[in-house]
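**Q** Structure in structure tokens, see below.
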Amino acid sequence: MEYDPDFIERNGTWVLSVLAVLMTCIGAMLTFFLRSRCSRIRCFCFECEREVVSLEPEQVSVSVK
């Protein structure tokens, strides 16, 4: 009787690569949402309403070192 590897053993590298790409895309999308100035975000079946902190020009200071 010959050993027959299962799907994960045959395609483990491919599966890991696809999962890494998907998680990277999800992470980039969440980072975009976090940095956006939108008060209402809808993506697929998720929805979020939030209060965006307003920043006035006099509250910003830039210093050069």
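Please note that chains go A, B, ... in the order of the structure tokens, that every chain numbers its residues from 1, and that ligands are numbered from 1 in the order shown.
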Can you tell me which residues surround Ile41 of chain A at a distance of at most 12 Å, considering only C-alpha atoms, apart from same-chain residues fewer than 6 positions away, and format the answer as a list in words?

**A**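 Non-adjacent residues within range: Met29, Leu30, Phe32, Phe33, Leu34, Arg35, Glu47, Cys48, Glu49, Arg50, Glu51 and Val52 of chain A.
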
**Q** Could you work out how far atom CA of Ile26 of chain A lies from atom CA of Thr13 of chain A, giving the answer in Å with one decimal?

**A** 20.0 Å

**Q** Taking the DSSP secondary structure from the backbone, can you list the residues of chain A that are strand (DSSP E), as a PyMOL selection string?

**A** chain A and resi 40-43+46-49

**Q** Keeping only C-alpha atoms, write the selected residues as an mmCIF file, in the first residue's frame.

**A**
data_model
loop_
_atom_site.group_PDB
_atom_site.id
_atom_site.type_symbol
_atom_site.label_atom_id
_atom_site.label_comp_id
_atom_site.auth_asym_id
_atom_site.auth_seq_id
_atom_site.Cartn_x
_atom_site.Cartn_y
_atom_site.Cartn_z
ATOM 1 C CA ARG A 40 -19.630 56.133 8.690
ATOM 2 C CA ILE A 41 -17.833 53.124 7.224
ATOM 3 C CA ARG A 42 -19.583 50.262 5.450
ATOM 4 C CA CYS A 43 -17.711 47.332 3.960
ATOM 5 C CA PHE A 46 -19.879 45.336 8.399
ATOM 6 C CA GLU A 47 -20.940 48.842 9.331
ATOM 7 C CA CYS A 48 -19.416 51.312 11.762
ATOM 8 C CA GLU A 49 -20.463 54.798 12.819
#

**Q** Write down as a ChimeraX atom specification the residues belonging to segment 20-54 of chain A that are assigned alpha helix (DSSP H) by DSSP computed on the backbone.

**A** /A:20-35

**Q** I need the chosen residues saved as a PDB file, in the first residue's frame, with N, CA and C atoms.

**A**
ATOM      1  N   ALA A  20      -1.697  34.234   3.684  1.00  0.00           N
ATOM      2  CA  ALA A  20      -0.881  35.404   3.993  1.00  0.00           C
ATOM      3  C   ALA A  20      -1.314  36.609   3.165  1.00  0.00           C
ATOM      4  N   VAL A  21      -1.606  36.405   1.886  1.00  0.00           N
ATOM      5  CA  VAL A  21      -2.059  37.502   1.029  1.00  0.00           C
ATOM      6  C   VAL A  21      -3.412  38.019   1.498  1.00  0.00           C
ATOM      7  N   LEU A  22      -4.330  37.132   1.839  1.00  0.00           N
ATOM      8  CA  LEU A  22      -5.649  37.552   2.322  1.00  0.00           C
ATOM      9  C   LEU A  22      -5.552  38.326   3.631  1.00  0.00           C
ATOM     10  N   MET A  23      -4.761  37.855   4.566  1.00  0.00           N
ATOM     11  CA  MET A  23      -4.612  38.541   5.841  1.00  0.00           C
ATOM     12  C   MET A  23      -3.935  39.904   5.655  1.00  0.00           C
ATOM     13  N   THR A  24      -2.995  39.994   4.721  1.00  0.00           N
ATOM     14  CA  THR A  24      -2.350  41.273   4.435  1.00  0.00           C
ATOM     15  C   THR A  24      -3.353  42.260   3.869  1.00  0.00           C
ATOM     16  N   CYS A  25      -4.214  41.810   2.975  1.00  0.00           N
ATOM     17  CA  CYS A  25      -5.245  42.682   2.403  1.00  0.00           C
ATOM     18  C   CYS A  25      -6.234  43.142   3.470  1.00  0.00           C
ATOM     19  N   ILE A  26      -6.635  42.251   4.340  1.00  0.00           N
ATOM     20  CA  ILE A  26      -7.558  42.610   5.419  1.00  0.00           C
ATOM     21  C   ILE A  26      -6.892  43.601   6.371  1.00  0.00           C
ATOM     22  N   GLY A  27      -5.636  43.387   6.703  1.00  0.00           N
ATOM     23  CA  GLY A  27      -4.905  44.307   7.565  1.00  0.00           C
ATOM     24  C   GLY A  27      -4.760  45.688   6.945  1.00  0.00           C
ATOM     25  N   ALA A  28      -4.479  45.737   5.643  1.00  0.00           N
ATOM     26  CA  ALA A  28      -4.367  47.023   4.953  1.00  0.00           C
ATOM     27  C   ALA A  28      -5.713  47.744   4.935  1.00  0.00           C
ATOM     28  N   MET A  29      -6.792  46.998   4.736  1.00  0.00           N
ATOM     29  CA  MET A  29      -8.118  47.600   4.712  1.00  0.00           C
ATOM     30  C   MET A  29      -8.476  48.154   6.100  1.00  0.00           C
ATOM     31  N   LEU A  30      -8.175  47.436   7.153  1.00  0.00           N
ATOM     32  CA  LEU A  30      -8.455  47.916   8.504  1.00  0.00           C
ATOM     33  C   LEU A  30      -7.608  49.141   8.854  1.00  0.00           C
ATOM     34  N   THR A  31      -6.360  49.171   8.401  1.00  0.00           N
ATOM     35  CA  THR A  31      -5.516  50.335   8.613  1.00  0.00           C
ATOM     36  C   THR A  31      -6.074  51.548   7.884  1.00  0.00           C
ATOM     37  N   PHE A  32      -6.566  51.340   6.676  1.00  0.00           N
ATOM     38  CA  PHE A  32      -7.193  52.431   5.916  1.00  0.00           C
ATOM     39  C   PHE A  32      -8.406  52.968   6.657  1.00  0.00           C
ATOM     40  N   PHE A  33      -9.235  52.083   7.190  1.00  0.00           N
ATOM     41  CA  PHE A  33     -10.412  52.512   7.942  1.00  0.00           C
ATOM     42  C   PHE A  33     -10.013  53.293   9.195  1.00  0.00           C
ATOM     43  N   LEU A  34      -8.978  52.850   9.868  1.00  0.00           N
ATOM     44  CA  LEU A  34      -8.539  53.501  11.089  1.00  0.00           C
ATOM     45  C   LEU A  34      -8.053  54.923  10.820  1.00  0.00           C
ATOM     46  N   ARG A  35      -7.362  55.125   9.718  1.00  0.00           N
ATOM     47  CA  ARG A  35      -6.798  56.436   9.400  1.00  0.00           C
ATOM     48  C   ARG A  35      -7.760  57.344   8.638  1.00  0.00           C
TER      49      ARG A  35
END

**Q** Expressed in Å to a single decimal, how great is the separation between atom CA of Arg37 of chain A and atom CA of Pro57 of chain A?

**A**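 Value for the atom CA of Arg37 of chain A-atom CA of Pro57 of chain A distance: 15.7 Å.
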
**Q** Grab the atom CA of Trp14 of chain A to atom CA of Met1 of chain A distance for me, in Å with one decimal place.

**A**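 Interatomic distance here is 27.5 Å.
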